[in-house]
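Structure file protein-v2.txt (compact mmCIF, C-alpha atoms) follows.
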# COMPACT_ATOMS: atom_id res chain seq x y z
CA MET A 1 153.29 45.47 145.11
CA ALA A 2 152.57 49.06 146.16
CA GLU A 3 153.89 50.36 142.84
CA GLN A 4 151.56 48.01 140.94
CA LYS A 5 148.60 49.22 142.97
CA ASN A 6 149.55 52.86 142.30
CA CYS A 7 149.65 52.12 138.56
CA ASP A 8 146.19 50.55 138.76
CA VAL A 9 144.84 53.60 140.54
CA LYS A 10 146.37 55.95 137.96
CA GLN A 11 144.84 53.90 135.15
CA VAL A 12 141.44 54.00 136.81
CA VAL A 13 141.66 57.78 137.26
CA LYS A 14 142.74 58.20 133.64
CA ASP A 15 139.78 56.11 132.48
CA GLU A 16 137.46 58.25 134.61
CA ILE A 17 138.79 61.41 133.00
CA VAL A 18 138.30 59.91 129.54
CA VAL A 19 134.73 58.91 130.39
CA ALA A 20 133.99 62.40 131.78
CA ASN A 21 135.36 64.09 128.68
CA ALA A 22 133.36 61.77 126.43
CA GLU A 23 130.25 62.55 128.47
CA ASP A 24 130.77 66.31 128.11
CA GLU A 25 131.37 65.99 124.38
CA GLU A 26 128.24 63.88 123.96
CA ASN A 27 126.15 66.33 125.98
CA ASP A 28 127.45 69.22 123.89
CA SER A 29 126.66 67.28 120.74
CA VAL A 30 123.09 66.59 121.89
CA GLU A 31 122.55 70.24 122.86
CA GLU A 32 123.85 71.41 119.50
CA GLN A 33 121.50 69.02 117.69
CA VAL A 34 118.53 70.22 119.72
CA LYS A 35 119.38 73.87 119.04
CA GLU A 36 119.84 73.17 115.35
CA LEU A 37 116.45 71.44 115.20
CA GLU A 38 114.71 74.28 117.04
CA ASN A 39 116.32 76.90 114.80
CA ARG A 40 115.24 75.01 111.70
CA LEU A 41 111.65 74.35 112.77
CA LEU A 42 111.08 77.42 114.93
CA PRO A 43 112.88 80.26 113.15
CA ASN A 44 111.05 83.03 114.97
CA SER A 45 112.65 82.00 118.25
CA THR A 46 116.13 83.21 117.27
CA ALA A 47 117.34 86.78 117.09
CA GLU A 48 119.37 86.08 113.97
CA THR A 49 116.37 85.02 111.92
CA LYS A 50 114.33 87.95 113.21
CA LYS A 51 116.86 90.28 111.64
CA GLN A 52 116.37 88.48 108.34
CA LYS A 53 112.55 88.59 108.52
CA PRO A 54 111.05 89.61 105.15
CA PRO A 55 109.02 92.83 104.90
CA GLY A 56 105.48 92.71 106.22
CA VAL A 57 102.29 93.54 104.36
CA MET A 58 102.34 97.22 105.29
CA SER A 59 105.91 97.54 104.06
CA ILE A 60 105.03 95.97 100.74
CA LEU A 61 101.99 98.20 100.28
CA CYS A 62 103.18 101.65 101.24
CA LEU A 63 105.94 101.90 103.82
CA VAL A 64 108.80 99.99 102.25
CA ALA A 65 110.66 103.25 101.67
CA LEU A 66 108.94 105.42 104.29
CA LYS A 67 109.20 103.30 107.44
CA ARG A 68 112.47 105.06 108.32
CA ARG A 69 111.78 108.21 106.25
CA LEU A 70 108.35 109.27 107.47
CA TRP A 71 109.16 112.92 106.86
CA LEU A 72 108.65 112.19 103.15
CA LEU A 73 104.98 111.28 103.69
CA PRO A 74 103.67 114.87 104.21
CA ILE A 75 105.68 116.04 101.20
CA LEU A 76 104.38 113.24 98.98
CA THR A 77 100.81 113.78 100.20
CA SER A 78 100.81 117.51 99.47
CA GLY A 79 102.51 117.02 96.11
CA TRP A 80 100.11 114.26 95.10
CA LEU A 81 96.93 116.20 95.94
CA PHE A 82 98.29 119.38 94.37
CA SER A 83 99.08 117.51 91.15
CA SER A 84 95.65 115.83 91.16
CA PHE A 85 93.89 119.24 91.19
CA TRP A 86 96.01 120.65 88.38
CA THR A 87 95.91 117.45 86.31
CA SER A 88 92.12 117.39 86.21
CA TYR A 89 92.11 121.14 85.54
CA ALA A 90 94.49 120.73 82.57
CA ILE A 91 92.46 117.87 81.11
CA ALA A 92 89.14 119.73 81.52
CA VAL A 93 90.51 122.88 79.87
CA SER A 94 92.07 120.91 77.01
CA TYR A 95 88.66 119.31 76.25
CA ASN A 96 86.86 122.68 76.64
CA HIS A 97 84.81 121.25 79.50
CA THR A 98 85.44 124.28 81.74
CA GLU A 99 86.83 127.80 81.53
CA ALA A 100 90.55 128.35 81.94
CA ASN A 101 90.15 131.39 84.20
CA PHE A 102 89.83 130.01 87.76
CA PRO A 103 86.86 127.61 87.79
CA TYR A 104 85.74 125.92 90.99
CA ILE A 105 87.87 122.88 91.77
CA SER A 106 84.84 120.63 91.52
CA HIS A 107 84.00 122.05 88.08
CA THR A 108 87.23 120.58 86.73
CA ALA A 109 85.88 117.08 87.41
CA ILE A 110 82.33 117.03 86.06
CA GLU A 111 82.76 115.21 82.77
CA ALA A 112 84.87 112.31 81.59
CA PRO A 113 87.78 111.73 81.37
CA GLU A 114 88.89 114.35 83.91
CA ARG A 115 86.40 113.25 86.57
CA CYS A 116 87.81 109.69 86.42
CA VAL A 117 91.38 110.95 86.87
CA PHE A 118 90.33 113.39 89.59
CA GLY A 119 88.38 110.74 91.50
CA GLN A 120 91.17 108.17 91.41
CA MET A 121 93.95 110.57 92.36
CA VAL A 122 92.03 112.36 95.09
CA ASN A 123 90.90 109.07 96.66
CA ILE A 124 94.53 107.99 96.91
CA GLY A 125 95.41 111.39 98.31
CA ALA A 126 92.65 111.12 100.91
CA VAL A 127 94.15 107.83 102.16
CA MET A 128 97.60 109.44 102.33
CA LEU A 129 96.12 112.39 104.21
CA GLY A 130 94.54 109.99 106.68
CA MET A 131 97.93 108.35 107.23
CA ASN A 132 99.39 111.75 108.09
CA VAL A 133 96.57 112.34 110.57
CA ILE A 134 97.19 108.99 112.29
CA LEU A 135 100.96 109.49 112.48
CA ARG A 136 100.49 112.99 113.87
CA TYR A 137 98.17 111.61 116.55
CA LEU A 138 100.69 108.92 117.51
CA PHE A 139 103.53 111.45 117.60
CA CYS A 140 101.68 113.78 119.98
CA LYS A 141 100.51 110.87 122.13
CA ASN A 142 104.01 109.46 122.55
CA TYR A 143 105.54 112.89 123.12
CA LEU A 144 103.08 113.59 125.92
CA ARG A 145 103.94 110.20 127.40
CA ILE A 146 107.73 110.71 127.41
CA LYS A 147 107.19 114.09 129.05
CA SER A 148 105.42 112.27 131.92
CA THR A 149 102.06 113.90 131.20
CA PRO A 150 99.36 112.22 133.34
CA PRO A 151 97.02 109.96 131.32
CA GLU A 152 93.99 111.91 132.53
CA ASP A 153 95.39 115.19 131.17
CA LYS A 154 93.06 117.09 128.81
CA TRP A 155 95.65 117.19 126.02
CA TYR A 156 95.25 113.47 125.43
CA LYS A 157 91.55 114.08 124.78
CA ILE A 158 92.33 117.05 122.53
CA ASN A 159 94.74 114.88 120.60
CA LEU A 160 92.08 112.18 120.19
CA ALA A 161 89.53 114.77 119.07
CA GLY A 162 92.05 115.98 116.49
CA LEU A 163 92.37 112.43 115.19
CA VAL A 164 88.60 112.16 114.69
CA LEU A 165 88.42 115.56 112.97
CA GLY A 166 91.30 114.71 110.67
CA ILE A 167 89.85 111.36 109.62
CA LEU A 168 86.46 112.96 108.93
CA SER A 169 88.15 115.68 106.88
CA ALA A 170 90.00 113.08 104.79
CA PHE A 171 86.75 111.16 104.33
CA GLY A 172 85.04 114.36 103.18
CA LEU A 173 87.76 114.87 100.58
CA SER A 174 87.03 111.40 99.24
CA MET A 175 83.31 112.28 99.05
CA VAL A 176 84.11 115.39 97.03
CA ALA A 177 86.01 113.24 94.54
CA ASN A 178 83.33 110.56 94.22
CA PHE A 179 80.17 112.72 94.05
CA GLN A 180 80.30 115.32 91.28
CA THR A 181 78.64 118.62 92.03
CA GLU A 182 76.36 118.58 88.98
CA VAL A 183 75.25 114.97 89.53
CA GLN A 184 75.13 114.44 93.31
CA ARG A 185 75.01 117.93 94.75
CA VAL A 186 74.03 117.16 98.37
CA PRO A 187 76.72 114.50 99.05
CA HIS A 188 79.25 116.71 97.29
CA TYR A 189 78.48 119.68 99.54
CA ILE A 190 78.53 117.48 102.64
CA GLY A 191 81.97 116.23 101.64
CA ALA A 192 83.17 119.78 101.00
CA GLY A 193 81.92 120.82 104.43
CA LEU A 194 83.81 117.98 106.06
CA ALA A 195 86.97 118.58 104.05
CA PHE A 196 87.14 122.37 104.38
CA GLY A 197 85.14 123.07 107.54
CA LEU A 198 86.38 120.28 109.79
CA GLY A 199 89.77 120.49 108.08
CA THR A 200 90.16 124.07 109.30
CA VAL A 201 89.10 123.14 112.83
CA TYR A 202 91.55 120.24 112.73
CA CYS A 203 94.42 122.57 111.82
CA TRP A 204 93.62 124.80 114.81
CA PHE A 205 93.65 121.74 117.07
CA GLN A 206 97.06 120.77 115.73
CA THR A 207 98.39 124.31 116.20
CA ALA A 208 97.32 124.17 119.85
CA LEU A 209 98.97 120.76 120.21
CA THR A 210 102.18 122.10 118.69
CA TYR A 211 102.18 124.85 121.31
CA GLN A 212 101.55 122.42 124.17
CA VAL A 213 103.58 119.45 123.01
CA ARG A 214 106.52 121.07 121.24
CA TYR A 215 106.90 124.77 122.01
CA LYS A 216 106.39 124.59 125.80
CA PHE A 217 109.08 121.91 126.05
CA ASN A 218 111.38 123.32 123.36
CA ARG A 219 111.39 127.07 122.72
CA LYS A 220 113.33 126.57 119.48
CA LYS A 221 110.12 125.28 117.87
CA ILE A 222 108.75 128.85 117.68
CA VAL A 223 109.19 128.89 113.89
CA LEU A 224 107.08 125.77 113.41
CA LEU A 225 104.42 127.15 115.75
CA LEU A 226 104.28 130.48 113.91
CA VAL A 227 104.01 128.81 110.52
CA GLN A 228 101.09 126.69 111.67
CA PHE A 229 99.40 129.64 113.37
CA ILE A 230 99.67 131.92 110.33
CA ASN A 231 98.53 129.09 108.06
CA SER A 232 95.49 128.48 110.26
CA VAL A 233 94.58 132.17 110.25
CA ILE A 234 94.82 132.35 106.46
CA MET A 235 92.81 129.15 106.17
CA SER A 236 90.04 130.55 108.38
CA MET A 237 89.91 133.77 106.37
CA MET A 238 89.73 131.86 103.08
CA LEU A 239 86.99 129.60 104.45
CA VAL A 240 84.82 132.57 105.47
CA LEU A 241 85.41 134.45 102.20
CA PHE A 242 84.72 131.34 100.16
CA GLY A 243 81.49 130.55 101.98
CA VAL A 244 80.17 134.13 101.89
CA THR A 245 81.04 134.89 98.26
CA LYS A 246 79.74 131.54 97.02
CA ALA A 247 76.44 132.13 98.83
CA ILE A 248 76.19 135.66 97.38
CA TYR A 249 76.94 134.39 93.88
CA LYS A 250 74.38 131.59 94.09
CA VAL A 251 71.64 133.87 95.48
CA GLN A 252 72.18 136.69 93.00
CA LYS A 253 72.48 134.30 90.09
CA GLY A 254 69.20 132.68 91.14
CA GLN A 255 67.57 136.14 91.25
CA GLY A 256 68.68 136.80 87.67
CA LYS A 257 71.12 139.61 88.56
CA GLY A 258 73.84 138.32 86.28
CA THR A 259 76.20 135.47 85.53
CA LYS A 260 79.84 134.64 86.08
CA TRP A 261 80.64 136.26 82.74
CA ASP A 262 79.20 139.75 83.44
CA GLU A 263 77.85 141.49 86.54
CA LEU A 264 78.71 138.68 88.95
CA ARG A 265 82.21 138.14 87.59
CA GLY A 266 83.97 139.72 90.57
CA VAL A 267 82.03 137.76 93.17
CA TYR A 268 82.49 134.55 91.21
CA LEU A 269 86.28 134.97 90.88
CA THR A 270 86.59 135.84 94.56
CA SER A 271 84.73 132.64 95.44
CA THR A 272 86.76 130.39 93.14
CA ILE A 273 90.16 131.89 94.02
CA THR A 274 89.51 131.59 97.76
CA GLU A 275 88.50 127.94 97.26
CA TRP A 276 91.82 127.21 95.55
CA LEU A 277 93.73 129.07 98.26
CA LEU A 278 91.80 127.22 100.97
CA ALA A 279 92.71 123.86 99.44
CA LEU A 280 96.35 124.86 99.06
CA SER A 281 96.53 126.12 102.66
CA ILE A 282 95.43 122.68 103.92
CA LEU A 283 98.23 121.11 101.87
CA THR A 284 100.82 123.57 103.18
CA PHE A 285 99.74 122.82 106.74
CA THR A 286 100.37 119.14 106.08
CA LEU A 287 103.96 120.01 105.12
CA THR A 288 104.60 121.28 108.66
CA TYR A 289 104.47 117.67 109.91
CA ALA A 290 107.73 116.80 108.15
CA PRO A 291 110.15 118.14 110.85
CA ASP A 292 108.51 116.10 113.61
CA PHE A 293 108.16 112.99 111.46
CA LYS A 294 111.94 112.96 111.04
CA ASN A 295 112.13 111.72 114.64
CA MET A 296 109.74 108.79 114.06
CA ARG A 297 109.86 105.33 112.55
CA VAL A 298 107.35 102.54 112.11
CA ASP A 299 107.76 98.76 112.22
CA ASP A 300 105.85 96.08 110.38
CA PRO A 301 102.69 94.89 112.12
CA ASN A 302 102.90 91.35 113.48
CA ILE A 303 100.00 88.90 113.77
CA TYR A 304 99.83 85.87 116.04
CA PHE A 305 97.64 82.78 115.75
CA ASP A 306 95.59 81.43 118.60
CA HIS A 307 97.50 78.61 120.31
CA LYS A 308 94.81 76.01 119.56
CA PHE A 309 94.58 77.07 115.92
CA GLU A 310 98.34 76.94 115.46
CA LYS A 311 98.57 73.57 117.16
CA LYS A 312 95.79 72.17 114.96
CA HIS A 313 97.11 73.42 111.63
CA SER A 314 100.85 73.27 112.18
CA SER A 315 102.73 70.92 109.84
CA VAL A 316 105.11 70.04 112.68
CA ASN A 317 103.92 68.48 115.93
CA LEU A 318 105.88 70.74 118.23
CA GLU A 319 104.86 68.91 121.39
CA LYS A 320 106.03 65.57 120.00
CA MET A 321 109.29 67.15 118.94
CA ALA A 322 109.77 68.63 122.40
CA ASP A 323 109.11 65.22 124.02
CA ASN A 324 111.71 63.60 121.79
CA ASN A 325 114.21 66.32 122.60
CA ARG A 326 113.65 65.73 126.30
CA ASN A 327 113.65 61.92 126.21
CA ILE A 328 116.76 61.28 124.10
CA PRO A 329 119.21 63.33 126.16
CA THR A 330 117.64 62.02 129.38
CA ALA A 331 118.29 58.38 128.44
CA ASP A 332 121.90 59.11 127.50
CA VAL A 333 122.58 61.01 130.69
CA LYS A 334 121.06 58.25 132.79
CA THR A 335 123.34 55.61 131.19
CA MET A 336 126.37 57.81 131.68
CA GLU A 337 125.49 58.44 135.30
CA GLU A 338 125.28 54.69 135.97
CA GLY A 339 128.69 54.15 134.36
CA ARG A 340 130.10 57.02 136.31
CA THR A 341 128.83 55.61 139.62
CA GLU A 342 130.42 52.25 138.84
CA GLU A 343 133.75 53.86 138.00
CA ASP A 344 133.59 55.94 141.20
CA SER A 345 133.24 52.74 143.22
CA HIS A 346 136.32 51.27 141.47
CA VAL A 347 138.33 54.38 142.21
CA SER A 348 137.23 54.36 145.86
CA LYS A 349 138.30 50.74 146.23
CA GLY A 350 141.65 51.47 144.59
CA LEU A 351 142.31 54.41 146.84
CA SER A 352 141.45 52.39 149.93
CA VAL A 353 143.89 49.62 148.84
CA VAL A 354 146.64 52.17 148.30
CA SER A 355 145.90 53.73 151.63
CA ASN A 356 146.04 50.36 153.39
CA GLY A 357 149.26 49.42 151.61
CA THR A 358 151.05 52.61 152.53
CA THR A 359 149.99 52.37 156.08
As C-alpha cells:
Amino acid sequence: MAEQKNCDVKQVVKDEIVVANAEDEENDSVEEQVKELENRLLPNSTAETKKQKPPGVMSILCLVALKRRLWLLPILTSGWLFSSFWTSYAIAVSYNHTEANFPYISHTAIEAPERCVFGQMVNIGAVMLGMNVILRYLFCKNYLRIKSTPPEDKWYKINLAGLVLGILSAFGLSMVANFQTEVQRVPHYIGAGLAFGLGTVYCWFQTALTYQVRYKFNRKKIVLLLVQFINSVIMSMMLVLFGVTKAIYKVQKGQGKGTKWDELRGVYLTSTITEWLLALSILTFTLTYAPDFKNMRVDDPNIYFDHKFEKKHSSVNLEKMADNNRNIPTADVKTMEEGRTEEDSHVSKGLSVVSNGTT
C-alpha cells in the first residue's frame, strides 16, 4: 500500500515538472513573438537595425564621403575656389573679353559665358567655405569643453564672433559672384568688403583661437600656429596694398592722368596682383584646418515627430498593439497559474498521505 502511494506521489511530481517545463516554453514562445513583432513594426528600437540605418539627407547631399574624412573638406574648398577663378579667367581671355596680363578677378566675370561659370562655381565654393567655418567653430567649442574651460570664459565668445565673421565673409564672396562690377557696382563692392575685409579679421580671430585652444595645450602645434600667423600677416599686407593702390588708380584715372596701359600701368598691376594674392591667401588659410579636422567626424542629423502627430498619422496603432501584447500573455499566465495551484494541492495531499502511512 505504501509503495503504491509512493508511486502516485512520484507520478504527480513528474506531471508537475512537465507542466512547469511546458509553462516556461510557452512563456519563452510568447516573449519571442512579442519581440519579433516589436522589431518588425518598431525597427528604430533595436541596436541592430540602427547599424543598418540608411544614410541621412546630409550624407546624400554632401557628406557621404566626408563624414569620416572631414580633413578633405578644406582641401576641396580651396581647390574648388582656386579652379573657379582660373576657369573664368581662361574663358574670358579665350573670348578676348579681358586682358591676359593680370586683370582684376571681377573683370574675368563681366560678360557671358564666363560670368555664368564664375557665378555658379563661386556660389558653390561660398557654401563650402561656410561649412568650413561652422566645423571650425564646433571644433574649437568642443576642444574648450573637453579642456574644462568654464562656459563664461571669453574664448567661447571669441569663437562665436569668429563664426559670425566667417559666415559674413562667405556671404560676401557669394555677393561678389552674383553682382558684376560693371553692372551692380555698389553690391559688388559691399561683397568684396565682406569677403576680403571681414575675411582677414576672421583669420586673425582663428589664429588667436589656435594659440589658445591648441598651442597652449599642445606645444607641438607651433608649426600650425606659425603658418596661420604668417598667412594672416601676409593677408593684412595684401589687403592694405590692394585697397591703397586701387584707390590711387581710380582717382588718377578719373583725373585723366593715364590708363592701365600707360602711365598708371604700375599702380594698376600692383592693385590686381595684390588682389589675386589676397584671395589665394584666404584659400591657403583654409587649408590649415585640415590637421584638426582629421580628429573630427559628423553623424547624420535625426528628426523626430511630435507624439500626437506620429500617433495620428502612423499606419500602425501602436497602443492597440501594446494592449494586445499585454493581454495575451496575461491570460495564458493566469490559466497556467490556476493549473499550477491545483497540482500543488494534489502534491500536498499525496505527501501528507505518504507521511501518515510511514508514520
*Which residue, A:Asn142, A:Thr272, A:Ile234, A:Leu283, has the smallest gap to A:Glu99 when you use only C-alpha atoms?*
A:Thr272
*asked:* Would you pick out the contacts of stretch 166-179 of chain A at 10 Å or less, using only C-alpha atoms, so that residues sharing its chain but fewer than 4 positions from it are not included, and give the list as a ChimeraX atom specification?
replied: /A:105-106,109-110,115-134,136-137,160-162,183-203,205-206
*Could you check how far atom CA of A:Ala279 sits from atom CA of A:Met235, in Å to one decimal?*
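If I compute the distance from atom CA of A:Ala279 to atom CA of A:Met235, I get 8.6 Å.
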Applying 10 Å and all atoms listed in the file, which residues near stretch 143-145 of chain A remain after dropping the ones on its own chain fewer than 2 positions away? List them as a PDB file with C-alpha atoms, in the frame of the given file.
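Final output, saved to out25.pdb:
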ATOM      1  CA  TYR A 137      98.170 111.610 116.550  1.00  0.00           C
ATOM      2  CA  LEU A 138     100.690 108.920 117.510  1.00  0.00           C
ATOM      3  CA  PHE A 139     103.530 111.450 117.600  1.00  0.00           C
ATOM      4  CA  CYS A 140     101.680 113.780 119.980  1.00  0.00           C
ATOM      5  CA  LYS A 141     100.510 110.870 122.130  1.00  0.00           C
ATOM      6  CA  LYS A 147     107.190 114.090 129.050  1.00  0.00           C
ATOM      7  CA  SER A 148     105.420 112.270 131.920  1.00  0.00           C
ATOM      8  CA  THR A 149     102.060 113.900 131.200  1.00  0.00           C
ATOM      9  CA  PRO A 150      99.360 112.220 133.340  1.00  0.00           C
ATOM     10  CA  PRO A 151      97.020 109.960 131.320  1.00  0.00           C
ATOM     11  CA  ASP A 153      95.390 115.190 131.170  1.00  0.00           C
ATOM     12  CA  TRP A 155      95.650 117.190 126.020  1.00  0.00           C
ATOM     13  CA  TYR A 156      95.250 113.470 125.430  1.00  0.00           C
ATOM     14  CA  ASN A 159      94.740 114.880 120.600  1.00  0.00           C
ATOM     15  CA  GLN A 212     101.550 122.420 124.170  1.00  0.00           C
ATOM     16  CA  VAL A 213     103.580 119.450 123.010  1.00  0.00           C
ATOM     17  CA  ARG A 214     106.520 121.070 121.240  1.00  0.00           C
TER      18      ARG A 214
END
With 3 Å on each side, where is the centre of the axis-aligned box around all listed atoms of stretch 112-118 of chain A, and how long are its edges in Å to one decimal, as AutoDock Vina command-line options?
--center_x 88.1 --center_y 112.0 --center_z 85.5 --size_x 12.5 --size_y 10.7 --size_z 14.2
*Nearest to A:Ser84 among A:Thr108, A:Leu135, A:Leu269, A:Asp262, with distances taken over only C-alpha atoms: which residue is it?*
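Of all the options, A:Thr108 lies closest to A:Ser84.
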_Computed interatomic separation between atom CA of A:Leu73 and atom CA of A:Met237 (Å)_ =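 Between atom CA of A:Leu73 and atom CA of A:Met237 the gap works out to 27.2 Å.
Across the structure, atom CA of A:Phe293 and atom CA of A:Leu70 are spaced 5.5 Å apart.
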If I only have part of stretch 164-188 of chain A, can you fill in N, CA and C atoms and write it as a compact mmCIF listing (two decimals), keeping the file's coordinate frame?
# COMPACT_ATOMS: atom_id res chain seq x y z
N VAL A 164 89.94 112.34 115.26
CA VAL A 164 88.60 112.16 114.69
C VAL A 164 88.31 113.22 113.63
N LEU A 165 88.65 114.48 113.93
CA LEU A 165 88.42 115.56 112.97
C LEU A 165 89.22 115.34 111.69
N GLY A 166 90.46 114.91 111.84
CA GLY A 166 91.30 114.71 110.67
C GLY A 166 90.81 113.58 109.78
N ILE A 167 90.37 112.48 110.40
CA ILE A 167 89.85 111.36 109.62
C ILE A 167 88.57 111.76 108.90
N LEU A 168 87.69 112.49 109.58
CA LEU A 168 86.46 112.96 108.93
C LEU A 168 86.76 113.91 107.78
N SER A 169 87.77 114.76 107.95
CA SER A 169 88.15 115.68 106.88
C SER A 169 88.67 114.92 105.67
N ALA A 170 89.51 113.90 105.90
CA ALA A 170 90.00 113.08 104.79
C ALA A 170 88.86 112.32 104.10
N PHE A 171 87.91 111.85 104.91
CA PHE A 171 86.75 111.16 104.33
C PHE A 171 85.92 112.12 103.49
N GLY A 172 85.77 113.36 103.95
CA GLY A 172 85.04 114.36 103.18
C GLY A 172 85.71 114.65 101.85
N LEU A 173 87.04 114.67 101.83
CA LEU A 173 87.76 114.87 100.58
C LEU A 173 87.47 113.75 99.59
N SER A 174 87.38 112.52 100.10
CA SER A 174 87.03 111.40 99.24
C SER A 174 85.60 111.54 98.70
N MET A 175 84.69 112.06 99.51
CA MET A 175 83.31 112.28 99.05
C MET A 175 83.27 113.32 97.94
N VAL A 176 84.05 114.37 98.07
CA VAL A 176 84.11 115.39 97.03
C VAL A 176 84.55 114.78 95.70
N ALA A 177 85.50 113.85 95.77
CA ALA A 177 86.01 113.24 94.54
C ALA A 177 85.01 112.28 93.92
N ASN A 178 84.21 111.61 94.73
CA ASN A 178 83.33 110.56 94.22
C ASN A 178 81.95 111.06 93.81
N PHE A 179 81.50 112.18 94.37
CA PHE A 179 80.17 112.72 94.05
C PHE A 179 80.35 114.07 93.36
N GLN A 180 80.14 114.08 92.04
CA GLN A 180 80.30 115.32 91.28
C GLN A 180 79.20 116.31 91.61
N THR A 181 79.56 117.58 91.57
CA THR A 181 78.64 118.62 92.03
C THR A 181 77.39 118.75 91.16
N GLU A 182 77.51 118.44 89.87
CA GLU A 182 76.36 118.58 88.98
C GLU A 182 75.49 117.33 88.97
N VAL A 183 75.99 116.23 89.55
CA VAL A 183 75.25 114.97 89.53
C VAL A 183 74.68 114.64 90.90
N GLN A 184 75.53 114.72 91.94
CA GLN A 184 75.13 114.44 93.31
C GLN A 184 75.50 115.65 94.18
N ARG A 185 74.67 116.65 94.12
CA ARG A 185 75.01 117.93 94.75
C ARG A 185 75.06 117.84 96.28
N VAL A 186 74.08 117.20 96.91
CA VAL A 186 74.03 117.16 98.37
C VAL A 186 75.22 116.41 98.96
N PRO A 187 75.53 115.17 98.51
CA PRO A 187 76.72 114.50 99.05
C PRO A 187 78.01 115.26 98.77
N HIS A 188 78.05 115.93 97.62
CA HIS A 188 79.25 116.71 97.29
C HIS A 188 79.44 117.86 98.28
